[in-house]
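Source file: input-v2.cif (mmCIF, N, CA and C atoms)
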data_final
loop_
_atom_site.group_PDB
_atom_site.id
_atom_site.type_symbol
_atom_site.label_atom_id
_atom_site.label_comp_id
_atom_site.auth_asym_id
_atom_site.auth_seq_id
_atom_site.Cartn_x
_atom_site.Cartn_y
_atom_site.Cartn_z
ATOM 1 N N MET A 1447 0.836 -1.173 0.000
ATOM 2 C CA MET A 1447 0.000 0.000 0.000
ATOM 3 C C MET A 1447 0.884 1.240 0.000
ATOM 4 N N ALA A 1448 0.290 2.360 -0.288
ATOM 5 C CA ALA A 1448 1.049 3.590 -0.435
ATOM 6 C C ALA A 1448 1.692 4.047 0.876
ATOM 7 N N ASP A 1449 1.063 3.757 2.005
ATOM 8 C CA ASP A 1449 1.622 4.210 3.290
ATOM 9 C C ASP A 1449 2.617 3.209 3.878
ATOM 10 N N GLY A 1450 2.928 2.166 3.148
ATOM 11 C CA GLY A 1450 3.907 1.185 3.612
ATOM 12 C C GLY A 1450 3.306 0.021 4.377
ATOM 13 N N ALA A 1451 2.008 0.044 4.607
ATOM 14 C CA ALA A 1451 1.347 -1.055 5.315
ATOM 15 C C ALA A 1451 1.243 -2.263 4.382
ATOM 16 N N SER A 1452 1.255 -3.421 4.966
ATOM 17 C CA SER A 1452 1.128 -4.619 4.147
ATOM 18 C C SER A 1452 -0.337 -5.017 4.041
ATOM 19 N N TYR A 1453 -0.647 -5.738 3.000
ATOM 20 C CA TYR A 1453 -2.000 -6.219 2.767
ATOM 21 C C TYR A 1453 -1.923 -7.697 2.482
ATOM 22 N N ARG A 1454 -2.707 -8.486 3.190
ATOM 23 C CA ARG A 1454 -2.738 -9.928 2.962
ATOM 24 C C ARG A 1454 -4.150 -10.341 2.581
ATOM 25 N N SER A 1455 -4.214 -11.115 1.551
ATOM 26 C CA SER A 1455 -5.498 -11.653 1.129
ATOM 27 C C SER A 1455 -5.880 -12.797 2.066
ATOM 28 N N LEU A 1456 -7.101 -12.820 2.539
ATOM 29 C CA LEU A 1456 -7.539 -13.881 3.435
ATOM 30 C C LEU A 1456 -7.571 -15.235 2.742
ATOM 31 N N ALA A 1457 -7.713 -15.239 1.420
ATOM 32 C CA ALA A 1457 -7.725 -16.504 0.687
ATOM 33 C C ALA A 1457 -6.360 -17.167 0.684
ATOM 34 N N ALA A 1458 -5.291 -16.388 0.822
ATOM 35 C CA ALA A 1458 -3.941 -16.937 0.777
ATOM 36 C C ALA A 1458 -3.345 -17.120 2.171
ATOM 37 N N TRP A 1459 -4.103 -16.833 3.224
ATOM 38 C CA TRP A 1459 -3.551 -16.907 4.575
ATOM 39 C C TRP A 1459 -4.329 -17.912 5.391
ATOM 40 N N PRO A 1460 -3.837 -18.833 6.119
ATOM 41 C CA PRO A 1460 -2.408 -19.090 6.259
ATOM 42 C C PRO A 1460 -1.859 -19.822 5.051
ATOM 43 N N ALA A 1461 -0.605 -19.638 4.800
ATOM 44 C CA ALA A 1461 0.038 -20.215 3.614
ATOM 45 C C ALA A 1461 0.535 -21.616 3.932
ATOM 46 N N TRP A 1462 -0.343 -22.609 3.804
ATOM 47 C CA TRP A 1462 0.044 -23.996 4.037
ATOM 48 C C TRP A 1462 0.855 -24.493 2.851
ATOM 49 N N PRO A 1463 1.839 -25.351 3.090
ATOM 50 C CA PRO A 1463 2.579 -25.926 1.961
ATOM 51 C C PRO A 1463 1.666 -26.816 1.119
ATOM 52 N N ARG A 1464 1.885 -26.814 -0.168
ATOM 53 C CA ARG A 1464 1.110 -27.628 -1.100
ATOM 54 C C ARG A 1464 1.782 -28.973 -1.299
ATOM 55 N N LEU A 1465 0.997 -29.982 -1.610
ATOM 56 C CA LEU A 1465 1.513 -31.333 -1.777
ATOM 57 C C LEU A 1465 2.560 -31.416 -2.882
ATOM 58 N N ASN A 1466 2.372 -30.687 -3.977
ATOM 59 C CA ASN A 1466 3.332 -30.786 -5.077
ATOM 60 C C ASN A 1466 4.710 -30.240 -4.702
ATOM 61 N N GLN A 1467 4.822 -29.488 -3.609
ATOM 62 C CA GLN A 1467 6.126 -29.022 -3.149
ATOM 63 C C GLN A 1467 6.969 -30.182 -2.610
ATOM 64 N N ALA A 1468 6.335 -31.259 -2.219
ATOM 65 C CA ALA A 1468 7.068 -32.427 -1.723
ATOM 66 C C ALA A 1468 7.754 -33.187 -2.853
ATOM 67 N N LEU A 1469 7.389 -32.900 -4.097
ATOM 68 C CA LEU A 1469 8.014 -33.559 -5.241
ATOM 69 C C LEU A 1469 9.260 -32.831 -5.726
ATOM 70 N N ALA A 1470 9.565 -31.686 -5.127
ATOM 71 C CA ALA A 1470 10.752 -30.931 -5.534
ATOM 72 C C ALA A 1470 12.013 -31.731 -5.216
ATOM 73 N N ALA A 1471 13.064 -31.433 -5.938
ATOM 74 C CA ALA A 1471 14.335 -32.126 -5.712
ATOM 75 C C ALA A 1471 14.802 -31.917 -4.279
ATOM 76 N N ARG A 1472 15.298 -32.963 -3.675
ATOM 77 C CA ARG A 1472 15.843 -32.952 -2.316
ATOM 78 C C ARG A 1472 14.780 -32.632 -1.255
ATOM 79 N N SER A 1473 13.526 -32.944 -1.534
ATOM 80 C CA SER A 1473 12.433 -32.771 -0.572
ATOM 81 C C SER A 1473 11.774 -34.107 -0.322
ATOM 82 N N SER A 1474 11.156 -34.234 0.838
ATOM 83 C CA SER A 1474 10.427 -35.457 1.162
ATOM 84 C C SER A 1474 9.242 -35.097 2.054
ATOM 85 N N LEU A 1475 8.227 -35.938 2.022
ATOM 86 C CA LEU A 1475 7.013 -35.739 2.801
ATOM 87 C C LEU A 1475 7.038 -36.681 3.992
ATOM 88 N N TRP A 1476 6.843 -36.140 5.188
ATOM 89 C CA TRP A 1476 6.885 -36.923 6.422
ATOM 90 C C TRP A 1476 5.612 -36.751 7.205
ATOM 91 N N ALA A 1477 5.137 -37.847 7.790
ATOM 92 C CA ALA A 1477 3.981 -37.833 8.680
ATOM 93 C C ALA A 1477 4.491 -37.991 10.106
ATOM 94 N N ILE A 1478 3.948 -37.175 11.012
ATOM 95 C CA ILE A 1478 4.342 -37.217 12.419
ATOM 96 C C ILE A 1478 3.080 -37.387 13.254
ATOM 97 N N CYS A 1479 3.025 -38.461 14.013
ATOM 98 C CA CYS A 1479 1.871 -38.743 14.869
ATOM 99 C C CYS A 1479 2.102 -38.149 16.252
ATOM 100 N N ARG A 1480 1.028 -37.959 17.002
ATOM 101 C CA ARG A 1480 1.145 -37.448 18.367
ATOM 102 C C ARG A 1480 1.865 -38.418 19.295
ATOM 103 N N CYS A 1481 1.897 -39.688 18.938
ATOM 104 C CA CYS A 1481 2.586 -40.686 19.762
ATOM 105 C C CYS A 1481 4.097 -40.616 19.592
ATOM 106 N N GLY A 1482 4.582 -39.839 18.619
ATOM 107 C CA GLY A 1482 6.002 -39.704 18.384
ATOM 108 C C GLY A 1482 6.521 -40.475 17.184
ATOM 109 N N ARG A 1483 5.692 -41.305 16.597
ATOM 110 C CA ARG A 1483 6.093 -42.099 15.427
ATOM 111 C C ARG A 1483 6.192 -41.185 14.205
ATOM 112 N N GLU A 1484 7.199 -41.413 13.360
ATOM 113 C CA GLU A 1484 7.396 -40.666 12.126
ATOM 114 C C GLU A 1484 7.557 -41.645 10.974
ATOM 115 N N ALA A 1485 7.078 -41.254 9.801
ATOM 116 C CA ALA A 1485 7.209 -42.115 8.624
ATOM 117 C C ALA A 1485 7.263 -41.266 7.369
ATOM 118 N N ALA A 1486 8.063 -41.707 6.417
ATOM 119 C CA ALA A 1486 8.105 -41.066 5.109
ATOM 120 C C ALA A 1486 6.859 -41.489 4.329
ATOM 121 N N ILE A 1487 6.236 -40.542 3.644
ATOM 122 C CA ILE A 1487 5.024 -40.790 2.873
ATOM 123 C C ILE A 1487 5.321 -40.475 1.408
ATOM 124 N N ASP A 1488 4.925 -41.361 0.525
ATOM 125 C CA ASP A 1488 5.100 -41.147 -0.910
ATOM 126 C C ASP A 1488 3.931 -40.292 -1.412
ATOM 127 N N PRO A 1489 4.181 -39.067 -1.889
ATOM 128 C CA PRO A 1489 3.081 -38.203 -2.332
ATOM 129 C C PRO A 1489 2.579 -38.505 -3.733
ATOM 130 N N ARG A 1490 3.274 -39.351 -4.499
ATOM 131 C CA ARG A 1490 2.907 -39.580 -5.907
ATOM 132 C C ARG A 1490 1.496 -40.144 -6.099
ATOM 133 N N PRO A 1491 1.009 -41.081 -5.257
ATOM 134 C CA PRO A 1491 -0.375 -41.551 -5.466
ATOM 135 C C PRO A 1491 -1.410 -40.433 -5.309
ATOM 136 N N TRP A 1492 -1.203 -39.535 -4.360
ATOM 137 C CA TRP A 1492 -2.128 -38.413 -4.182
ATOM 138 C C TRP A 1492 -2.032 -37.441 -5.350
ATOM 139 N N VAL A 1493 -0.823 -37.195 -5.825
ATOM 140 C CA VAL A 1493 -0.648 -36.289 -6.960
ATOM 141 C C VAL A 1493 -1.304 -36.874 -8.202
ATOM 142 N N SER A 1494 -1.201 -38.181 -8.393
ATOM 143 C CA SER A 1494 -1.836 -38.814 -9.558
ATOM 144 C C SER A 1494 -3.356 -38.762 -9.474
ATOM 145 N N GLN A 1495 -3.902 -38.565 -8.277
ATOM 146 C CA GLN A 1495 -5.344 -38.394 -8.103
ATOM 147 C C GLN A 1495 -5.774 -36.947 -8.326
ATOM 148 N N GLY A 1496 -4.809 -36.077 -8.654
ATOM 149 C CA GLY A 1496 -5.132 -34.674 -8.908
ATOM 150 C C GLY A 1496 -5.101 -33.808 -7.660
ATOM 151 N N LEU A 1497 -4.447 -34.261 -6.607
ATOM 152 C CA LEU A 1497 -4.424 -33.523 -5.355
ATOM 153 C C LEU A 1497 -3.129 -32.741 -5.139
ATOM 154 N N GLY A 1498 -2.355 -32.522 -6.188
ATOM 155 C CA GLY A 1498 -1.071 -31.858 -6.064
ATOM 156 C C GLY A 1498 -1.151 -30.452 -5.519
ATOM 157 N N ARG A 1499 -2.235 -29.737 -5.776
ATOM 158 C CA ARG A 1499 -2.372 -28.361 -5.298
ATOM 159 C C ARG A 1499 -3.051 -28.268 -3.934
ATOM 160 N N GLN A 1500 -3.406 -29.402 -3.351
ATOM 161 C CA GLN A 1500 -4.034 -29.408 -2.029
ATOM 162 C C GLN A 1500 -3.018 -29.027 -0.959
ATOM 163 N N ALA A 1501 -3.466 -28.316 0.042
ATOM 164 C CA ALA A 1501 -2.612 -28.015 1.191
ATOM 165 C C ALA A 1501 -2.369 -29.309 1.962
ATOM 166 N N THR A 1502 -1.165 -29.466 2.484
ATOM 167 C CA THR A 1502 -0.845 -30.692 3.216
ATOM 168 C C THR A 1502 -1.745 -30.858 4.439
ATOM 169 N N ALA A 1503 -2.200 -29.764 5.032
ATOM 170 C CA ALA A 1503 -3.070 -29.848 6.201
ATOM 171 C C ALA A 1503 -4.409 -30.514 5.864
ATOM 172 N N HIS A 1504 -4.855 -30.399 4.627
ATOM 173 C CA HIS A 1504 -6.128 -31.002 4.227
ATOM 174 C C HIS A 1504 -6.026 -32.507 4.007
ATOM 175 N N LEU A 1505 -4.817 -33.039 3.947
ATOM 176 C CA LEU A 1505 -4.618 -34.465 3.693
ATOM 177 C C LEU A 1505 -4.276 -35.249 4.961
ATOM 178 N N GLU A 1506 -4.174 -34.579 6.088
ATOM 179 C CA GLU A 1506 -3.754 -35.235 7.324
ATOM 180 C C GLU A 1506 -4.742 -36.271 7.828
ATOM 181 N N THR A 1507 -6.004 -36.132 7.503
ATOM 182 C CA THR A 1507 -7.007 -37.106 7.948
ATOM 183 C C THR A 1507 -6.987 -38.374 7.112
ATOM 184 N N ARG A 1508 -6.171 -38.423 6.084
ATOM 185 C CA ARG A 1508 -6.052 -39.610 5.233
ATOM 186 C C ARG A 1508 -4.942 -40.543 5.700
ATOM 187 N N LEU A 1509 -4.401 -40.304 6.869
ATOM 188 C CA LEU A 1509 -3.296 -41.113 7.401
ATOM 189 C C LEU A 1509 -3.756 -41.873 8.633
ATOM 190 N N ARG A 1510 -3.195 -43.072 8.837
ATOM 191 C CA ARG A 1510 -3.487 -43.893 10.008
ATOM 192 C C ARG A 1510 -2.181 -44.347 10.626
ATOM 193 N N CYS A 1511 -2.136 -44.323 11.948
ATOM 194 C CA CYS A 1511 -0.935 -44.723 12.689
ATOM 195 C C CYS A 1511 -1.205 -46.058 13.396
ATOM 196 N N LEU A 1512 -0.151 -46.786 13.672
ATOM 197 C CA LEU A 1512 -0.286 -48.057 14.394
ATOM 198 C C LEU A 1512 -0.846 -47.874 15.800
ATOM 199 N N CYS A 1513 -0.685 -46.688 16.390
ATOM 200 C CA CYS A 1513 -1.200 -46.444 17.738
ATOM 201 C C CYS A 1513 -2.721 -46.295 17.740
ATOM 202 N N GLY A 1514 -3.332 -46.202 16.552
ATOM 203 C CA GLY A 1514 -4.779 -46.062 16.450
ATOM 204 C C GLY A 1514 -5.228 -44.660 16.061
ATOM 205 N N SER A 1515 -4.311 -43.735 15.996
ATOM 206 C CA SER A 1515 -4.658 -42.365 15.628
ATOM 207 C C SER A 1515 -5.137 -42.321 14.179
ATOM 208 N N ARG A 1516 -6.144 -41.503 13.934
ATOM 209 C CA ARG A 1516 -6.712 -41.389 12.597
ATOM 210 C C ARG A 1516 -6.275 -40.100 11.910
ATOM 211 N N ARG A 1517 -5.179 -39.531 12.380
ATOM 212 C CA ARG A 1517 -4.656 -38.294 11.812
ATOM 213 C C ARG A 1517 -3.182 -38.183 12.165
ATOM 214 N N ALA A 1518 -2.393 -37.655 11.261
ATOM 215 C CA ALA A 1518 -0.975 -37.383 11.519
ATOM 216 C C ALA A 1518 -0.610 -36.093 10.792
ATOM 217 N N ARG A 1519 0.213 -35.303 11.401
ATOM 218 C CA ARG A 1519 0.651 -34.044 10.813
ATOM 219 C C ARG A 1519 1.626 -34.318 9.675
ATOM 220 N N LEU A 1520 1.477 -33.583 8.573
ATOM 221 C CA LEU A 1520 2.369 -33.736 7.418
ATOM 222 C C LEU A 1520 3.357 -32.582 7.363
ATOM 223 N N GLU A 1521 4.617 -32.909 7.087
ATOM 224 C CA GLU A 1521 5.683 -31.923 6.953
ATOM 225 C C GLU A 1521 6.466 -32.206 5.681
ATOM 226 N N ILE A 1522 6.902 -31.150 5.033
ATOM 227 C CA ILE A 1522 7.836 -31.291 3.917
ATOM 228 C C ILE A 1522 9.212 -30.962 4.462
ATOM 229 N N ARG A 1523 10.124 -31.908 4.331
ATOM 230 C CA ARG A 1523 11.469 -31.746 4.864
ATOM 231 C C ARG A 1523 12.490 -31.913 3.750
ATOM 232 N N GLY A 1524 13.651 -31.337 3.983
ATOM 233 C CA GLY A 1524 14.786 -31.575 3.101
ATOM 234 C C GLY A 1524 15.396 -32.922 3.437
ATOM 235 N N LEU A 1525 16.230 -33.432 2.564
ATOM 236 C CA LEU A 1525 16.837 -34.739 2.802
ATOM 237 C C LEU A 1525 17.724 -34.739 4.036
ATOM 238 N N ALA A 1526 18.333 -33.624 4.364
ATOM 239 C CA ALA A 1526 19.204 -33.547 5.538
ATOM 240 C C ALA A 1526 18.407 -33.561 6.845
ATOM 241 N N GLU A 1527 17.102 -33.299 6.782
ATOM 242 C CA GLU A 1527 16.270 -33.239 7.979
ATOM 243 C C GLU A 1527 15.598 -34.568 8.313
ATOM 244 N N ALA A 1528 15.907 -35.600 7.586
ATOM 245 C CA ALA A 1528 15.299 -36.910 7.841
ATOM 246 C C ALA A 1528 15.762 -37.434 9.194
ATOM 247 N N PRO A 1529 14.869 -38.071 9.955
ATOM 248 C CA PRO A 1529 15.267 -38.597 11.257
ATOM 249 C C PRO A 1529 16.284 -39.718 11.129
ATOM 250 N N ARG A 1530 17.125 -39.851 12.129
ATOM 251 C CA ARG A 1530 18.191 -40.844 12.098
ATOM 252 C C ARG A 1530 17.744 -42.212 12.617
ATOM 253 N N GLY A 1531 16.757 -42.245 13.500
ATOM 254 C CA GLY A 1531 16.329 -43.502 14.113
ATOM 255 C C GLY A 1531 15.351 -44.281 13.248
ATOM 256 N N ALA A 1532 14.751 -45.278 13.870
ATOM 257 C CA ALA A 1532 13.764 -46.110 13.179
ATOM 258 C C ALA A 1532 12.508 -45.292 12.874
ATOM 259 N N THR A 1533 11.944 -45.533 11.699
ATOM 260 C CA THR A 1533 10.729 -44.829 11.289
ATOM 261 C C THR A 1533 9.742 -45.834 10.711
ATOM 262 N N GLY A 1534 8.523 -45.405 10.522
ATOM 263 C CA GLY A 1534 7.495 -46.249 9.910
ATOM 264 C C GLY A 1534 6.291 -46.376 10.809
ATOM 265 N N GLY A 1535 5.283 -47.035 10.320
ATOM 266 C CA GLY A 1535 4.089 -47.286 11.115
ATOM 267 C C GLY A 1535 2.959 -46.312 10.874
ATOM 268 N N ILE A 1536 3.110 -45.399 9.930
ATOM 269 C CA ILE A 1536 2.022 -44.488 9.551
ATOM 270 C C ILE A 1536 1.740 -44.761 8.074
ATOM 271 N N TYR A 1537 0.473 -44.988 7.765
ATOM 272 C CA TYR A 1537 0.103 -45.422 6.425
ATOM 273 C C TYR A 1537 -0.989 -44.534 5.834
ATOM 274 N N VAL A 1538 -0.995 -44.439 4.507
ATOM 275 C CA VAL A 1538 -2.050 -43.703 3.794
ATOM 276 C C VAL A 1538 -3.290 -44.583 3.815
ATOM 277 N N PHE A 1539 -4.406 -44.014 4.256
ATOM 278 C CA PHE A 1539 -5.648 -44.770 4.390
ATOM 279 C C PHE A 1539 -6.448 -44.768 3.107
ATOM 280 N N ARG A 1540 -6.533 -43.638 2.439
ATOM 281 C CA ARG A 1540 -7.296 -43.539 1.186
ATOM 282 C C ARG A 1540 -6.683 -42.540 0.269
#

Step by step, read the file and then write its structure as C-alpha cells.
Amino acid sequence: MADGASYRSLAAWPAWPRLNQALAARSSLWAICRCGREAAIDPRPWVSQGLGRQATAHLETRLRCLCGSRRARLEIRGLAEAPRGATGGIYVFR
C-alpha cells in the first residue's frame, strides 16, 4: 500500500505448503503422529489423483498410525532433515 502497510489476502492466509512441493528435488514428505512415530510418505499416489495443489493440512485425515490415531501431521522436509532412528508405522488410508 502507499503508506507502507502490508495487505494480505484472506484466501492466501495461512500459507500452508502444497503437496506438489514435496516432489521438488531434495524434498520429502513426512507424517508425524502425536505418539512420536514418524514415517516417510510417498506423495505420488495423491498427486496422480489430482491432489497436487491441495494443502498438506487437508490431507492429514487420510493417514493412520499403528497407535490407532486417525490423523498425523504432514511436513515437507529436506533430505538432511530426515530422522536418524527407526521410522514407519504411519500409512495412507485412502

Original post:
Closest to A:Pro1463 among A:Phe1539, A:Arg1490, A:Glu1484, A:Gln1500, using only N, CA and C atoms?
Top reply: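 Answer, going by the shortest atom-to-atom distance: A:Gln1500.
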
Original post:
Between A:Leu1525, A:Arg1499, A:Ser1515, A:Tyr1537, which is the closest to A:Cys1481 once you count all atoms listed in the file?
Top reply: A:Ser1515

Original post:
For the file shown, what are the residues hit by the PyMOL selection byres ((chain A and resi 1479) around 7), laid out as a VMD selection string?
Top reply: chain A and resid 1477 to 1478 1480 to 1485 1511 1517 to 1519

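Closest to A:Leu1497 among A:Arg1516, A:Arg1464, A:Arg1510, A:Arg1540 is A:Arg1464, based on only N, CA and C atoms.
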
Original post:
So how many Å separate atom C of A:Pro1529 and atom CA of A:Asp1488, to one decimal?
Top reply: 16.5 Å

Subject >> Members of chain A assigned strand (DSSP E) by DSSP, as a ChimeraX atom specification >> reply: /A:1473-1478,1484-1487,1509-1511,1519-1524,1536-1538

Okay, now the selection with N, CA and C atoms, as a PDB file, in the frame of the given file?
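out-v6.pdb written:
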ATOM      1  N   SER A1473      13.526 -32.944  -1.534  1.00  0.00           N
ATOM      2  CA  SER A1473      12.433 -32.771  -0.572  1.00  0.00           C
ATOM      3  C   SER A1473      11.774 -34.107  -0.322  1.00  0.00           C
ATOM      4  N   SER A1474      11.156 -34.234   0.838  1.00  0.00           N
ATOM      5  CA  SER A1474      10.427 -35.457   1.162  1.00  0.00           C
ATOM      6  C   SER A1474       9.242 -35.097   2.054  1.00  0.00           C
ATOM      7  N   LEU A1475       8.227 -35.938   2.022  1.00  0.00           N
ATOM      8  CA  LEU A1475       7.013 -35.739   2.801  1.00  0.00           C
ATOM      9  C   LEU A1475       7.038 -36.681   3.992  1.00  0.00           C
ATOM     10  N   TRP A1476       6.843 -36.140   5.188  1.00  0.00           N
ATOM     11  CA  TRP A1476       6.885 -36.923   6.422  1.00  0.00           C
ATOM     12  C   TRP A1476       5.612 -36.751   7.205  1.00  0.00           C
ATOM     13  N   ALA A1477       5.137 -37.847   7.790  1.00  0.00           N
ATOM     14  CA  ALA A1477       3.981 -37.833   8.680  1.00  0.00           C
ATOM     15  C   ALA A1477       4.491 -37.991  10.106  1.00  0.00           C
ATOM     16  N   ILE A1478       3.948 -37.175  11.012  1.00  0.00           N
ATOM     17  CA  ILE A1478       4.342 -37.217  12.419  1.00  0.00           C
ATOM     18  C   ILE A1478       3.080 -37.387  13.254  1.00  0.00           C
ATOM     19  N   GLU A1484       7.199 -41.413  13.360  1.00  0.00           N
ATOM     20  CA  GLU A1484       7.396 -40.666  12.126  1.00  0.00           C
ATOM     21  C   GLU A1484       7.557 -41.645  10.974  1.00  0.00           C
ATOM     22  N   ALA A1485       7.078 -41.254   9.801  1.00  0.00           N
ATOM     23  CA  ALA A1485       7.209 -42.115   8.624  1.00  0.00           C
ATOM     24  C   ALA A1485       7.263 -41.266   7.369  1.00  0.00           C
ATOM     25  N   ALA A1486       8.063 -41.707   6.417  1.00  0.00           N
ATOM     26  CA  ALA A1486       8.105 -41.066   5.109  1.00  0.00           C
ATOM     27  C   ALA A1486       6.859 -41.489   4.329  1.00  0.00           C
ATOM     28  N   ILE A1487       6.236 -40.542   3.644  1.00  0.00           N
ATOM     29  CA  ILE A1487       5.024 -40.790   2.873  1.00  0.00           C
ATOM     30  C   ILE A1487       5.321 -40.475   1.408  1.00  0.00           C
ATOM     31  N   LEU A1509      -4.401 -40.304   6.869  1.00  0.00           N
ATOM     32  CA  LEU A1509      -3.296 -41.113   7.401  1.00  0.00           C
ATOM     33  C   LEU A1509      -3.756 -41.873   8.633  1.00  0.00           C
ATOM     34  N   ARG A1510      -3.195 -43.072   8.837  1.00  0.00           N
ATOM     35  CA  ARG A1510      -3.487 -43.893  10.008  1.00  0.00           C
ATOM     36  C   ARG A1510      -2.181 -44.347  10.626  1.00  0.00           C
ATOM     37  N   CYS A1511      -2.136 -44.323  11.948  1.00  0.00           N
ATOM     38  CA  CYS A1511      -0.935 -44.723  12.689  1.00  0.00           C
ATOM     39  C   CYS A1511      -1.205 -46.058  13.396  1.00  0.00           C
ATOM     40  N   ARG A1519       0.213 -35.303  11.401  1.00  0.00           N
ATOM     41  CA  ARG A1519       0.651 -34.044  10.813  1.00  0.00           C
ATOM     42  C   ARG A1519       1.626 -34.318   9.675  1.00  0.00           C
ATOM     43  N   LEU A1520       1.477 -33.583   8.573  1.00  0.00           N
ATOM     44  CA  LEU A1520       2.369 -33.736   7.418  1.00  0.00           C
ATOM     45  C   LEU A1520       3.357 -32.582   7.363  1.00  0.00           C
ATOM     46  N   GLU A1521       4.617 -32.909   7.087  1.00  0.00           N
ATOM     47  CA  GLU A1521       5.683 -31.923   6.953  1.00  0.00           C
ATOM     48  C   GLU A1521       6.466 -32.206   5.681  1.00  0.00           C
ATOM     49  N   ILE A1522       6.902 -31.150   5.033  1.00  0.00           N
ATOM     50  CA  ILE A1522       7.836 -31.291   3.917  1.00  0.00           C
ATOM     51  C   ILE A1522       9.212 -30.962   4.462  1.00  0.00           C
ATOM     52  N   ARG A1523      10.124 -31.908   4.331  1.00  0.00           N
ATOM     53  CA  ARG A1523      11.469 -31.746   4.864  1.00  0.00           C
ATOM     54  C   ARG A1523      12.490 -31.913   3.750  1.00  0.00           C
ATOM     55  N   GLY A1524      13.651 -31.337   3.983  1.00  0.00           N
ATOM     56  CA  GLY A1524      14.786 -31.575   3.101  1.00  0.00           C
ATOM     57  C   GLY A1524      15.396 -32.922   3.437  1.00  0.00           C
ATOM     58  N   ILE A1536       3.110 -45.399   9.930  1.00  0.00           N
ATOM     59  CA  ILE A1536       2.022 -44.488   9.551  1.00  0.00           C
ATOM     60  C   ILE A1536       1.740 -44.761   8.074  1.00  0.00           C
ATOM     61  N   TYR A1537       0.473 -44.988   7.765  1.00  0.00           N
ATOM     62  CA  TYR A1537       0.103 -45.422   6.425  1.00  0.00           C
ATOM     63  C   TYR A1537      -0.989 -44.534   5.834  1.00  0.00           C
ATOM     64  N   VAL A1538      -0.995 -44.439   4.507  1.00  0.00           N
ATOM     65  CA  VAL A1538      -2.050 -43.703   3.794  1.00  0.00           C
ATOM     66  C   VAL A1538      -3.290 -44.583   3.815  1.00  0.00           C
TER      67      VAL A1538
END

**OP:** Give me every alpha helix (DSSP H) residue in chain A, going by DSSP on the backbone, as a ChimeraX atom specification.
**Re:** /A:1490-1494

Those residues you just picked out, can you put them in a file as a short mmCIF file (atom, residue, chain, number, x, y, z; two decimals), in the coordinates of the input with N, CA and C atoms?
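The result, written out as result12.cif:
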data_model
loop_
_atom_site.label_atom_id
_atom_site.label_comp_id
_atom_site.auth_asym_id
_atom_site.auth_seq_id
_atom_site.Cartn_x
_atom_site.Cartn_y
_atom_site.Cartn_z
N ARG A 1490 3.27 -39.35 -4.50
CA ARG A 1490 2.91 -39.58 -5.91
C ARG A 1490 1.50 -40.14 -6.10
N PRO A 1491 1.01 -41.08 -5.26
CA PRO A 1491 -0.38 -41.55 -5.47
C PRO A 1491 -1.41 -40.43 -5.31
N TRP A 1492 -1.20 -39.53 -4.36
CA TRP A 1492 -2.13 -38.41 -4.18
C TRP A 1492 -2.03 -37.44 -5.35
N VAL A 1493 -0.82 -37.20 -5.82
CA VAL A 1493 -0.65 -36.29 -6.96
C VAL A 1493 -1.30 -36.87 -8.20
N SER A 1494 -1.20 -38.18 -8.39
CA SER A 1494 -1.84 -38.81 -9.56
C SER A 1494 -3.36 -38.76 -9.47
#
